[in-house]
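Participant: Supplied in structure tokens, the structure appears directly below.
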Amino acid sequence: MDVEPPSISPERFKLYDELELHEFQDKFVIKSHQSPNQGFWINRLDGNISLLDGDTFSGSPLRTSTIYGVVGTIRLIVGTYAIVITSRKEVGSFLGFPIYRLMSMRLLACNEALKFSTAQEKKDEAYFMNLLKVVESTPGLYYSYETDITLNLQRRSKLVEGWASKPIWKQADPRFVWNKHLLEELIEFKLDRFIMPLVQGNILKFKLPLLPPPSCPFFVYVCVHMLST
């Protein structure tokens with residue numbers, strides 16, 4: 001059942017919901033739109049991640065765009081690939097907090113080291129890269145910036161006070177986090193407000209009338225069906 005949004009206290013954890021992607025010749029810079037000093041950059045040569053330290057990057061980016069989250073990173077034989085959310089759609093709410101369906105993703109290739117690789121390494125990298133592209137079309141991925149959607153109301157009722165102040169990836173049940181392995185590097189760098197657990201499944205929304213017409217007051221019932229990983 002959908003309910004009115006609770007008042008958001010300073011203690012409740014919230015992910016950054018809009019990010020800036022700056023593409024330089026040698027790096028990808030990802031930072032919060034709300035807090036531009038918060039973010040990280042990925043070396044396009046070797047895929048290594050570094051936190052923003054306040055230094056101004058010299059030169060202008062080749063391209064700047066808005067993204068809506070980071071799905072994670074994965075290292076193949078030579079290169080590293082970051083996966084970001086390029087479009088989303090609000091499809092409902094859970095406990096008053098919006099739930100979004102991931103509509104499209106983009107792979108950011110950090111594989112400039114391929115230039116110095118052997119022919120076999122290049123062949124193997126291309127093979128795994130083709131497999132990785134399947135991720136871009138994975139259907140039925142959902143998330144929320146403001147609450148964990150892997151726990152049902154029954155389990156939530158047993159949580160200790162202050163649970164909602166934990167980073168969302170720490171609140172989530174790992175059995176239902178589709179991208180848990182892709183988040184490992186972001187977790188290592190403690191980028192908590194960029195770490196977005198995704199669930200795969202379906203979200204169904206029903207309006208249940210309580211009285212006959214014309215009064216027709218109704219409950220809104222949201223059913224979340226998740227696949228375990």
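Each chain in the structure tokens gets a letter, A, B and so on, in the order shown; residues start at 1 in every chain, and ligands are counted from 1 in the order they appear.
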Can you pull out every residue from segment 52-174 of chain A that DSSP, working from the backbone, puts in alpha helix (DSSP H), and format the result as a list in words?

Facilitator: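 Reading the DSSP output for segment 52-174 of chain A, alpha helix (DSSP H) covers Ala119, Gln120, Glu121, Lys122, Lys123, Asp124, Glu125, Ala126, Tyr127, Phe128, Met129, Asn130, Leu131, Leu132, Leu153, Gln154, Arg155, Arg156, Ile168, Trp169, Lys170 and Gln171 of chain A.
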
Participant: Could you give me, as CSV, a per-residue list for segment 53-151 of chain A showing, wherever an atom lies at most 10 Å from an atom of segment 186-206 of chain A, the closest pair of atoms and their distance in Å to one decimal, using only C-alpha atoms and sorting by chain then residue number from low to high?

Facilitator:
```
residue,atom,partner,partner_atom,distance
A:Tyr68,CA,A:Phe194,CA,9.8
A:Gly69,CA,A:Phe194,CA,6.8
A:Val70,CA,A:Phe194,CA,6.5
A:Val71,CA,A:Met196,CA,6.5
A:Gly72,CA,A:Leu186,CA,7.1
A:Thr73,CA,A:Leu186,CA,8.0
A:Val91,CA,A:Ile203,CA,8.0
A:Gly92,CA,A:Lys205,CA,7.3
A:Ser93,CA,A:Lys205,CA,9.4
A:Ile99,CA,A:Ile203,CA,9.2
A:Tyr100,CA,A:Ile203,CA,10.0
A:Arg101,CA,A:Ile203,CA,9.1
A:Leu102,CA,A:Leu198,CA,8.9
A:Thr138,CA,A:Gln200,CA,8.8
A:Pro139,CA,A:Gln200,CA,7.6
A:Gly140,CA,A:Gln200,CA,5.3
A:Leu141,CA,A:Gln200,CA,4.5
A:Tyr142,CA,A:Val199,CA,5.3
A:Tyr143,CA,A:Leu198,CA,5.2
A:Ser144,CA,A:Met196,CA,8.1
A:Tyr145,CA,A:Met196,CA,7.6
A:Asp148,CA,A:Pro197,CA,8.1
A:Ile149,CA,A:Val199,CA,7.9
A:Thr150,CA,A:Val199,CA,7.3
```

Participant: May I have the residues from that selection written out with N, CA, C and O atoms, as a compact mmCIF listing (two decimals), in the first residue's frame?

Facilitator:
```
# COMPACT_ATOMS: atom_id res chain seq x y z
N TYR A 68 22.41 9.49 -14.34
CA TYR A 68 21.51 9.36 -13.18
C TYR A 68 21.95 8.26 -12.21
O TYR A 68 21.17 7.86 -11.35
N GLY A 69 23.18 7.84 -12.34
CA GLY A 69 23.70 6.85 -11.41
C GLY A 69 24.82 6.05 -12.03
O GLY A 69 25.04 6.08 -13.25
N VAL A 70 25.56 5.34 -11.17
CA VAL A 70 26.65 4.47 -11.61
C VAL A 70 26.28 3.04 -11.25
O VAL A 70 26.09 2.71 -10.08
N VAL A 71 26.17 2.19 -12.26
CA VAL A 71 25.82 0.80 -12.04
C VAL A 71 27.01 0.04 -11.44
O VAL A 71 26.84 -0.87 -10.63
N GLY A 72 28.23 0.44 -11.83
CA GLY A 72 29.42 -0.20 -11.28
C GLY A 72 30.54 -0.24 -12.30
O GLY A 72 30.49 0.41 -13.35
N THR A 73 31.58 -1.01 -11.97
CA THR A 73 32.73 -1.17 -12.86
C THR A 73 33.08 -2.64 -12.97
O THR A 73 32.78 -3.44 -12.07
N VAL A 91 8.35 4.95 -11.82
CA VAL A 91 7.28 3.98 -12.08
C VAL A 91 6.38 3.73 -10.87
O VAL A 91 5.40 2.99 -10.97
N GLY A 92 6.68 4.33 -9.75
CA GLY A 92 5.87 4.11 -8.56
C GLY A 92 6.59 4.59 -7.33
O GLY A 92 7.54 5.39 -7.42
N SER A 93 6.16 4.13 -6.18
CA SER A 93 6.82 4.52 -4.94
C SER A 93 6.71 3.39 -3.93
O SER A 93 5.84 2.53 -4.02
N ILE A 99 10.35 5.11 -6.93
CA ILE A 99 11.09 3.99 -7.51
C ILE A 99 11.23 4.26 -9.00
O ILE A 99 10.29 4.69 -9.66
N TYR A 100 12.43 3.99 -9.51
CA TYR A 100 12.72 4.25 -10.92
C TYR A 100 13.05 2.95 -11.64
O TYR A 100 13.65 2.03 -11.07
N ARG A 101 12.66 2.90 -12.91
CA ARG A 101 13.12 1.82 -13.78
C ARG A 101 14.27 2.35 -14.62
O ARG A 101 14.20 3.45 -15.18
N LEU A 102 15.33 1.58 -14.69
CA LEU A 102 16.48 1.96 -15.50
C LEU A 102 16.10 1.76 -16.97
O LEU A 102 15.75 0.65 -17.38
N THR A 138 19.85 -5.28 -20.40
CA THR A 138 19.20 -6.08 -19.36
C THR A 138 17.87 -5.45 -18.98
O THR A 138 17.80 -4.28 -18.61
N PRO A 139 16.77 -6.20 -19.04
CA PRO A 139 15.45 -5.63 -18.74
C PRO A 139 15.12 -5.67 -17.25
O PRO A 139 15.73 -6.42 -16.47
N GLY A 140 14.13 -4.88 -16.85
CA GLY A 140 13.55 -4.99 -15.53
C GLY A 140 14.46 -4.65 -14.38
O GLY A 140 14.45 -5.34 -13.36
N LEU A 141 15.24 -3.58 -14.48
CA LEU A 141 16.11 -3.15 -13.39
C LEU A 141 15.50 -1.93 -12.71
O LEU A 141 15.14 -0.95 -13.36
N TYR A 142 15.41 -1.98 -11.37
CA TYR A 142 14.75 -0.92 -10.60
C TYR A 142 15.65 -0.48 -9.44
O TYR A 142 16.50 -1.23 -8.96
N TYR A 143 15.39 0.75 -8.99
CA TYR A 143 16.17 1.28 -7.87
C TYR A 143 15.46 2.48 -7.26
O TYR A 143 14.51 3.02 -7.82
N SER A 144 15.96 2.88 -6.09
CA SER A 144 15.48 4.10 -5.44
C SER A 144 16.69 4.84 -4.88
O SER A 144 17.65 4.22 -4.44
N TYR A 145 16.62 6.16 -4.93
CA TYR A 145 17.69 6.99 -4.36
C TYR A 145 17.56 7.16 -2.85
O TYR A 145 18.51 7.56 -2.19
N ASP A 148 15.93 1.50 0.53
CA ASP A 148 16.23 0.16 0.04
C ASP A 148 14.94 -0.52 -0.38
O ASP A 148 13.94 -0.46 0.34
N ILE A 149 14.92 -1.16 -1.53
CA ILE A 149 13.71 -1.83 -2.00
C ILE A 149 13.85 -3.35 -2.01
O ILE A 149 13.03 -4.05 -2.59
N THR A 150 14.90 -3.86 -1.35
CA THR A 150 15.08 -5.32 -1.30
C THR A 150 14.39 -5.95 -0.10
O THR A 150 14.21 -7.16 -0.06
```

Participant: Counting only C-alpha atoms, which residue out of A:Arg44, A:Pro98, A:Lys170, A:Thr86 sits closest to Leu114 of chain A?

Facilitator: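 Answer, going by the shortest atom-to-atom distance: A:Arg44.
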
Participant: For each of A:Ser137, A:Leu151, A:Leu95, A:Glu18, take the minimum atom-to-atom distance to Pro174 of chain A, counting only C-alpha atoms, then give the residue where this is smallest.

Facilitator: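 Residue with the minimum atom-to-atom distance to Pro174 of chain A: A:Leu151.
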
Participant: Which residue is closest to Ser65 of chain A? Choose from A:His22, A:His33, A:Arg106, A:Arg88 and count only C-alpha atoms.

Facilitator: A:His22

Participant: So which bits of segment 3-225 of chain A end up strand (DSSP E) when you DSSP the backbone, as a ChimeraX atom specification?

Facilitator: /A:19-23,27-32,39-43,49-51,63-67,70-75,80-94,97-110,141-143,199-209,218-225

Participant: So what do you get for atom CA of Ala164 of chain A versus atom CA of His181 of chain A, distance-wise?

Facilitator: 22.7 Å
